[in-house]
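S.K.: Compact mmCIF, C-alpha atoms, saved as protein28.txt, coming up:
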# COMPACT_ATOMS: atom_id res chain seq x y z
CA MET A 5 -24.10 6.86 -10.85
CA THR A 6 -27.85 6.49 -10.61
CA MET A 7 -27.52 2.94 -9.24
CA ARG A 8 -26.28 2.46 -5.65
CA ARG A 9 -24.12 -0.49 -4.84
CA SER A 10 -23.97 -2.52 -1.66
CA ALA A 11 -22.46 -6.02 -1.88
CA LEU A 12 -19.42 -7.21 -3.75
CA GLY A 13 -20.98 -10.62 -4.27
CA ARG A 14 -23.35 -9.31 -6.94
CA GLY A 15 -20.47 -9.26 -9.40
CA LEU A 16 -18.91 -6.27 -11.11
CA GLY A 17 -21.11 -6.51 -14.18
CA ALA A 18 -24.25 -5.98 -12.11
CA LEU A 19 -22.82 -2.74 -10.70
CA ILE A 20 -22.17 -0.94 -14.00
CA PRO A 21 -25.13 0.88 -15.59
CA SER A 22 -25.85 0.41 -19.27
CA ALA A 23 -24.29 2.92 -21.60
CA PRO A 24 -26.37 5.62 -23.33
CA PRO A 25 -27.02 5.32 -27.09
CA MET A 26 -23.93 5.09 -29.27
CA ARG A 27 -22.61 8.11 -31.10
CA PRO A 28 -22.19 8.01 -34.89
CA GLU A 29 -18.44 7.36 -34.70
CA GLU A 30 -19.12 4.48 -32.31
CA GLU A 31 -21.81 2.97 -34.53
CA SER A 32 -19.23 2.73 -37.32
CA ALA A 33 -16.75 0.92 -35.07
CA LYS A 34 -16.42 -2.82 -35.45
CA ALA A 35 -18.46 -4.73 -32.88
CA THR A 36 -17.27 -8.00 -31.35
CA ASP A 37 -19.41 -11.11 -30.98
CA GLY A 38 -20.03 -10.19 -27.35
CA GLY A 39 -21.45 -6.78 -28.26
CA ALA A 40 -18.36 -4.76 -27.30
CA LEU A 41 -16.84 -2.20 -29.65
CA GLU A 42 -13.32 -2.32 -31.01
CA LEU A 43 -11.97 1.07 -29.91
CA GLU A 44 -8.62 2.50 -30.92
CA ILE A 45 -6.20 2.13 -28.01
CA SER A 46 -4.80 5.60 -28.71
CA ARG A 47 -8.22 7.07 -27.81
CA ILE A 48 -8.36 5.38 -24.39
CA ASP A 49 -6.81 7.11 -21.36
CA PRO A 50 -6.02 5.45 -18.00
CA ASN A 51 -8.29 5.88 -15.01
CA PRO A 52 -6.85 8.73 -12.89
CA ASP A 53 -8.40 7.08 -9.83
CA GLN A 54 -6.89 3.65 -10.51
CA PRO A 55 -6.04 2.27 -7.05
CA ARG A 56 -3.43 -0.12 -8.39
CA ARG A 57 0.03 1.48 -8.43
CA VAL A 58 2.27 -1.54 -9.05
CA PHE A 59 2.14 -3.39 -12.37
CA ASP A 60 4.69 -6.20 -12.41
CA PRO A 61 6.61 -6.00 -15.73
CA GLU A 62 7.08 -9.78 -15.98
CA GLN A 63 3.39 -10.49 -15.40
CA LEU A 64 2.49 -7.78 -17.91
CA GLU A 65 4.79 -9.35 -20.51
CA ARG A 66 3.22 -12.77 -19.93
CA LEU A 67 -0.23 -11.28 -20.39
CA ALA A 68 0.95 -9.47 -23.54
CA ASP A 69 2.23 -12.79 -24.92
CA SER A 70 -1.20 -14.32 -24.29
CA VAL A 71 -2.84 -11.33 -26.00
CA ARG A 72 -0.61 -11.81 -29.08
CA ARG A 73 -1.68 -15.44 -29.31
CA HIS A 74 -5.35 -15.28 -28.37
CA GLY A 75 -6.36 -11.63 -28.43
CA VAL A 76 -8.11 -9.80 -25.60
CA LEU A 77 -10.81 -12.24 -24.49
CA GLN A 78 -12.58 -9.96 -21.99
CA PRO A 79 -13.49 -6.38 -22.96
CA VAL A 80 -12.35 -3.45 -20.87
CA VAL A 81 -14.93 -1.01 -19.51
CA VAL A 82 -14.63 2.67 -20.42
CA ARG A 83 -16.60 5.88 -20.03
CA ARG A 84 -16.84 8.74 -22.50
CA ALA A 85 -14.44 11.54 -21.56
CA GLY A 86 -14.64 14.34 -24.11
CA GLU A 87 -14.83 14.46 -27.87
CA GLY A 88 -13.56 11.19 -29.28
CA ARG A 89 -11.84 10.22 -25.99
CA TYR A 90 -12.53 7.44 -23.49
CA GLU A 91 -11.39 6.77 -19.96
CA LEU A 92 -10.71 3.34 -18.49
CA ILE A 93 -12.88 2.18 -15.62
CA VAL A 94 -12.02 -1.53 -15.56
CA GLY A 95 -9.21 -3.46 -17.25
CA GLU A 96 -6.01 -1.41 -17.07
CA ARG A 97 -3.79 -4.54 -17.14
CA ARG A 98 -5.45 -5.66 -20.38
CA TRP A 99 -5.09 -2.14 -21.81
CA ARG A 100 -1.40 -2.03 -20.91
CA ALA A 101 -0.76 -5.56 -22.19
CA ALA A 102 -2.51 -4.78 -25.47
CA GLN A 103 -0.14 -1.85 -25.98
CA VAL A 104 2.88 -4.03 -25.19
CA ALA A 105 1.53 -6.60 -27.67
CA GLY A 106 1.32 -3.91 -30.36
CA LEU A 107 -2.47 -3.99 -30.85
CA ALA A 108 -4.15 -0.98 -32.45
CA THR A 109 -7.66 -1.63 -31.09
CA LEU A 110 -9.17 -3.10 -27.96
CA PRO A 111 -12.64 -4.57 -27.27
CA ALA A 112 -14.44 -2.20 -24.91
CA VAL A 113 -17.84 -1.75 -23.32
CA ILE A 114 -18.95 1.86 -22.86
CA ALA A 115 -20.63 2.46 -19.49
CA ASP A 116 -22.48 5.41 -18.02
CA VAL A 117 -20.22 6.07 -15.03
CA ALA A 118 -19.93 9.39 -13.22
CA PRO A 119 -16.39 10.63 -12.47
CA GLN A 120 -16.94 10.36 -8.72
CA ASP A 121 -17.66 6.63 -9.10
CA ARG A 122 -14.48 5.71 -11.00
CA LEU A 123 -12.48 4.85 -7.91
CA GLU A 124 -15.15 2.62 -6.41
CA LEU A 125 -15.62 0.53 -9.55
CA ALA A 126 -11.88 0.20 -10.18
CA LEU A 127 -11.40 -0.79 -6.54
CA ILE A 128 -14.14 -3.42 -6.69
CA GLU A 129 -12.63 -4.96 -9.83
CA ASN A 130 -9.18 -5.18 -8.29
CA VAL A 131 -10.52 -6.61 -5.02
CA GLN A 132 -12.46 -9.27 -6.92
CA ARG A 133 -9.25 -10.25 -8.73
CA HIS A 134 -7.09 -10.00 -5.57
CA ASP A 135 -4.86 -7.62 -7.53
CA LEU A 136 -4.14 -4.95 -4.89
CA ASN A 137 -1.42 -4.98 -2.28
CA PRO A 138 -2.29 -3.76 1.25
CA ILE A 139 -0.95 -0.22 0.69
CA GLU A 140 -2.93 0.20 -2.54
CA LEU A 141 -6.04 -0.92 -0.68
CA ALA A 142 -5.28 1.48 2.16
CA LEU A 143 -4.88 4.43 -0.23
CA ALA A 144 -8.13 3.54 -2.00
CA PHE A 145 -9.95 3.25 1.32
CA ARG A 146 -8.59 6.65 2.36
CA ALA A 147 -9.82 8.18 -0.90
CA LEU A 148 -13.29 6.70 -0.37
CA SER A 149 -13.23 7.97 3.21
CA GLY A 150 -12.33 11.41 1.89
CA ALA A 151 -15.36 11.19 -0.39
CA GLY A 152 -17.57 10.88 2.71
CA LEU A 153 -17.95 7.11 3.18
CA THR A 154 -17.68 5.63 6.67
CA GLN A 155 -15.48 2.59 7.31
CA ASP A 156 -18.63 0.46 7.55
CA GLU A 157 -19.83 1.76 4.17
CA ILE A 158 -16.43 1.17 2.56
CA GLY A 159 -16.41 -2.39 3.89
CA ALA A 160 -19.91 -3.01 2.53
CA ARG A 161 -18.82 -1.79 -0.93
CA VAL A 162 -15.86 -4.15 -1.21
CA GLY A 163 -16.83 -7.10 0.98
CA PHE A 164 -14.50 -6.31 3.93
CA ASP A 165 -15.53 -5.94 7.56
CA ARG A 166 -15.00 -2.58 9.27
CA SER A 167 -12.01 -3.77 11.32
CA SER A 168 -10.19 -4.89 8.18
CA VAL A 169 -10.75 -1.48 6.60
CA ALA A 170 -9.44 0.18 9.78
CA ASN A 171 -6.37 -2.07 9.85
CA HIS A 172 -5.53 -1.18 6.25
CA LEU A 173 -5.92 2.54 6.94
CA ARG A 174 -3.51 2.25 9.88
CA LEU A 175 -0.80 1.13 7.46
CA LEU A 176 -0.64 4.71 6.19
CA GLU A 177 0.82 5.69 9.56
CA LEU A 178 4.03 3.97 8.46
CA SER A 179 6.74 5.98 6.75
CA ARG A 180 6.84 5.90 2.95
CA GLU A 181 9.97 3.74 3.17
CA LEU A 182 8.15 1.07 5.18
CA GLN A 183 5.05 1.33 3.00
CA SER A 184 7.27 0.52 0.01
CA ASP A 185 8.42 -2.65 1.79
CA VAL A 186 4.77 -3.72 2.12
CA GLU A 187 4.04 -2.86 -1.52
CA SER A 188 6.98 -4.92 -2.74
CA GLY A 189 6.03 -7.89 -0.55
CA ARG A 190 9.17 -7.61 1.55
CA LEU A 191 6.89 -7.16 4.57
CA SER A 192 3.50 -8.81 4.93
CA MET A 193 0.39 -7.17 6.33
CA GLY A 194 1.00 -9.02 9.60
CA HIS A 195 4.59 -7.74 9.80
CA ALA A 196 3.38 -4.20 9.11
CA LYS A 197 0.85 -4.44 11.95
CA ALA A 198 3.69 -5.56 14.24
CA LEU A 199 5.71 -2.48 13.26
CA LEU A 200 2.77 -0.28 14.22
CA GLN A 201 3.09 -1.53 17.79
CA VAL A 202 6.36 0.43 18.01
CA PRO A 203 5.61 4.16 18.21
CA ASN A 204 9.18 5.38 17.69
CA PRO A 205 9.98 5.74 13.94
CA GLU A 206 13.65 4.83 14.37
CA ARG A 207 12.69 1.74 16.37
CA ARG A 208 10.27 0.77 13.62
CA ARG A 209 13.10 0.84 11.08
CA GLN A 210 15.23 -1.25 13.41
CA LEU A 211 12.44 -3.80 13.74
CA ARG A 212 12.00 -3.85 9.95
CA ASP A 213 15.72 -4.54 9.54
CA LEU A 214 15.51 -7.32 12.11
CA VAL A 215 12.46 -8.91 10.44
CA CYS A 216 14.12 -8.87 7.01
CA ALA A 217 17.59 -9.94 8.15
CA GLN A 218 16.34 -12.88 10.21
CA GLU A 219 13.21 -13.61 8.15
CA LEU A 220 11.09 -13.47 11.29
CA SER A 221 7.59 -14.91 11.30
CA VAL A 222 4.73 -12.56 12.09
CA ARG A 223 4.50 -13.98 15.60
CA ALA A 224 8.23 -13.49 16.20
CA ALA A 225 7.94 -9.93 14.85
CA GLU A 226 5.07 -9.24 17.26
CA ASP A 227 7.18 -10.56 20.17
CA ALA A 228 10.08 -8.32 19.13
CA ALA A 229 7.72 -5.35 18.80
CA ARG A 230 6.45 -5.87 22.34
CA ARG A 231 10.02 -6.00 23.63
CA MET A 232 10.85 -2.79 21.83
CA ALA A 233 7.71 -0.85 22.69
CA GLY A 234 6.71 -2.31 26.07
CA PRO A 235 9.48 -1.09 28.39
CA GLU A 236 9.56 2.33 26.76
CA ALA A 237 5.80 2.72 27.04
CA ARG A 238 5.66 1.56 30.66
CA ARG A 239 8.81 3.18 31.98
CA ARG A 240 8.21 6.15 34.28
CA PRO A 241 10.91 8.77 34.67
CA THR A 242 13.02 8.27 37.77
CA ARG A 243 15.06 10.81 39.66
CA ALA A 244 18.32 9.28 38.48
CA ALA A 245 17.20 9.05 34.88
CA ALA A 246 16.17 12.68 34.94
CA THR A 247 19.61 13.81 36.02
CA PRO A 248 21.09 14.25 32.51
CA ALA A 249 18.40 16.77 31.63
CA ALA A 250 19.69 18.95 34.47
CA ASP A 251 23.22 18.80 33.07
CA PRO A 252 23.42 20.25 29.52
CA ASN A 253 26.78 18.59 28.89
CA LEU A 254 25.45 15.11 29.71
CA ALA A 255 22.32 15.76 27.64
CA ARG A 256 24.46 16.69 24.61
CA LEU A 257 26.60 13.59 25.16
CA THR A 258 23.49 11.38 25.27
CA ASP A 259 22.15 12.94 22.05
CA ALA A 260 25.50 12.43 20.32
CA LEU A 261 25.56 8.75 21.32
CA ARG A 262 21.99 8.23 20.04
CA ASP A 263 22.87 9.85 16.72
CA ARG A 264 26.04 7.78 16.35
CA LEU A 265 24.59 4.41 17.40
CA LYS A 266 21.08 4.83 15.90
CA THR A 267 19.41 3.31 18.95
CA ARG A 268 18.13 4.40 22.33
CA VAL A 269 20.82 5.49 24.77
CA ARG A 270 20.33 6.53 28.41
CA LEU A 271 22.92 8.11 30.65
CA VAL A 272 21.88 7.57 34.26
CA GLY A 273 23.68 9.39 37.08
CA THR A 274 25.98 12.41 37.16
CA ALA A 275 29.28 13.43 35.63
CA GLU A 276 30.99 11.91 38.66
CA ARG A 277 29.27 8.53 38.73
CA GLY A 278 26.63 6.69 36.71
CA ARG A 279 26.09 4.28 33.85
CA ILE A 280 25.34 4.29 30.14
CA GLU A 281 22.53 2.03 28.88
CA ILE A 282 22.36 1.08 25.20
CA ASP A 283 19.37 -0.81 23.81
CA TYR A 284 19.66 -3.57 21.21
CA PHE A 285 17.22 -6.15 19.84
CA GLY A 286 18.66 -9.34 18.46
CA PRO A 287 22.15 -10.69 17.69
CA ALA A 288 22.47 -8.79 14.42
CA GLU A 289 21.92 -5.44 16.07
CA LEU A 290 24.28 -6.33 18.92
CA ASP A 291 27.01 -7.11 16.36
CA ARG A 292 26.34 -3.81 14.62
CA LEU A 293 26.61 -1.85 17.86
CA LEU A 294 29.80 -3.63 18.95
CA ASN A 295 31.42 -2.97 15.59
CA GLU A 296 30.38 0.68 15.84
CA ILE A 297 31.74 1.05 19.37
CA LEU A 298 34.92 -1.00 18.92
CA GLY A 299 35.64 0.16 15.40
CA GLY A 300 35.38 -3.31 13.87
CA GLY A 301 37.98 -4.68 16.25
CA LEU A 302 36.05 -7.83 17.16
Rewrite the coordinates I just gave you, this time as structure tokens.
M.R.:
Amino acid sequence: MTMRRSALGRGLGALIPSAPPMRPEEESAKATDGGALELEISRIDPNPDQPRRVFDPEQLERLADSVRRHGVLQPVVVRRAGEGRYELIVGERRWRAAQVAGLATLPAVIADVAPQDRLELALIENVQRHDLNPIELALAFRALSGAGLTQDEIGARVGFDRSSVANHLRLLELSRELQSDVESGRLSMGHAKALLQVPNPERRRQLRDLVCAQELSVRAAEDAARRMAGPEARRRPTRAAATPAADPNLARLTDALRDRLKTRVRLVGTAERGRIEIDYFGPAELDRLLNEILGGGL
């Protein structure tokens, strides 16, 4: 794009350059009262850089019902993308809803947008509408970072401060399973940040299960995360705790217990005398472990 953008507050319309002169086939298209063209939906392709990955089917059906009754009130924004083809920049929900509603054409404004700027404009539109979940934002921020923008520059583009951009990017350290929980709304951004306090992946899953089973608040999840991560992070190896490593049989036994119980297990001492320590966090996990150990005999 020839125009550089800085602040989200200017509004999306101010960030999109005017389109070049219309081509003959566009001049023959029907123009709306607002100056947009009625383009055939079959000639419009989705934005490959669309940051939004989740389109709720029920919301899309409600929008399609509105489109059937009132039409598409706000044009989408497209760019030319080859002979007779167009590519969406802004308005994929409207484009999808129009297809669900059975429309053949869609009001569209043609903009002069370079391919490398598609992601930024689509991101700005979604941020303005509060349409992206935290993982979608994080992926978009990572893509902009890969294009050479600093976290400060990304924040300036979309109206976030640098720390907020950094916090979103940290979410990508979670496993794909846990990212899906954030995308679906099962875990909030605050819960996800609590999970990141626990470095061990298995412990993170245990904390996720605890948060969901007991519907913990963010503060309660943070307290649980500190309990899970704190002792492990601060604990220094002791002579007794190191003993199993010197005995291959005890080391194998410890590994087998960890695999069976899906939690941290420590065997302290020797084959002649010692103790087994099993970690649990919360009543639900204690019940699970007791059922596992006692074979459901409680």
S.K.: Distance atom CA of Gln210 of chain A-atom CA of Arg223 of chain A, one decimal place?
M.R.: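 Pair atom CA of Gln210 of chain A / atom CA of Arg223 of chain A returns 16.8 Å.
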S.K.: Would you mind reading off the distance between atom CA of Ala40 of chain A and atom CA of Arg83 of chain A, one decimal, in Å?
M.R.: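 Atom-to-atom, atom CA of Ala40 of chain A and atom CA of Arg83 of chain A are spaced 13.0 Å apart.
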S.K.: In Å to one decimal, how far is atom CA of Ala151 of chain A from atom CA of Val113 of chain A?
M.R.: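 Between these atoms lies a distance of 26.4 Å.
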S.K.: Would you list the contacts of Tyr90 of chain A as a PyMOL selection string, taking every protein, DNA or RNA residue within 8 Å and counting all atoms listed in the file, but skipping same-chain residues closer than 5 positions in sequence?
M.R.: chain A and resi 47-49+82-85
S.K.: For each of A:Leu141, A:Ala260, A:Leu191, A:Leu182, take the minimum atom-to-atom distance to Ala170 of chain A, counting only C-alpha atoms, then give the residue where this is smallest.
M.R.: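 Of the candidates, the smallest distance to Ala170 of chain A is held by A:Leu141.
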S.K.: Step by step: start from the point (-3.4, -4.3, 2.2) in the file's coordinates, keep every protein, DNA or RNA residue that has an atom no farther than 10 Å from it, count only C-alpha atoms, and write the set as a list in words.
M.R.: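 I get Leu136, Asn137, Pro138, Ile139, Glu140, Leu141, Ala142, Leu143, Ser168, Val169, Asn171, His172, Leu173, Leu175, Val186, Glu187, Ser192, Met193, Gly194 and Ala196 of chain A for the residues within 10 Å of that point.
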S.K.: Any idea what's packed within 7 Å of segment 153-156 of chain A, counting all atoms listed in the file, ignoring anything in its chain fewer than 3 positions away? Could you give it as a PDB file with C-alpha atoms, in the coordinates of the input?
M.R.:
ATOM      1  CA  LEU A 148     -13.290   6.700  -0.370  1.00  0.00           C
ATOM      2  CA  SER A 149     -13.230   7.970   3.210  1.00  0.00           C
ATOM      3  CA  GLY A 159     -16.410  -2.390   3.890  1.00  0.00           C
ATOM      4  CA  ALA A 160     -19.910  -3.010   2.530  1.00  0.00           C
ATOM      5  CA  ARG A 166     -15.000  -2.580   9.270  1.00  0.00           C
ATOM      6  CA  VAL A 169     -10.750  -1.480   6.600  1.00  0.00           C
ATOM      7  CA  ALA A 170      -9.440   0.180   9.780  1.00  0.00           C
TER       8      ALA A 170
END
S.K.: Considering all atoms listed in the file, state which residue in the set A:Asn51, A:Gln103, A:Gln183, A:Ser167 is at the smallest distance from Glu124 of chain A.
M.R.: A:Asn51
S.K.: Please work out which residues fall within 7 Å of (14.4, 2.7, 15.2), coordinates as given in the file, with all atoms listed in the file counting, and return them as an NGL selection string.
M.R.: :A and (204-211 or 267)
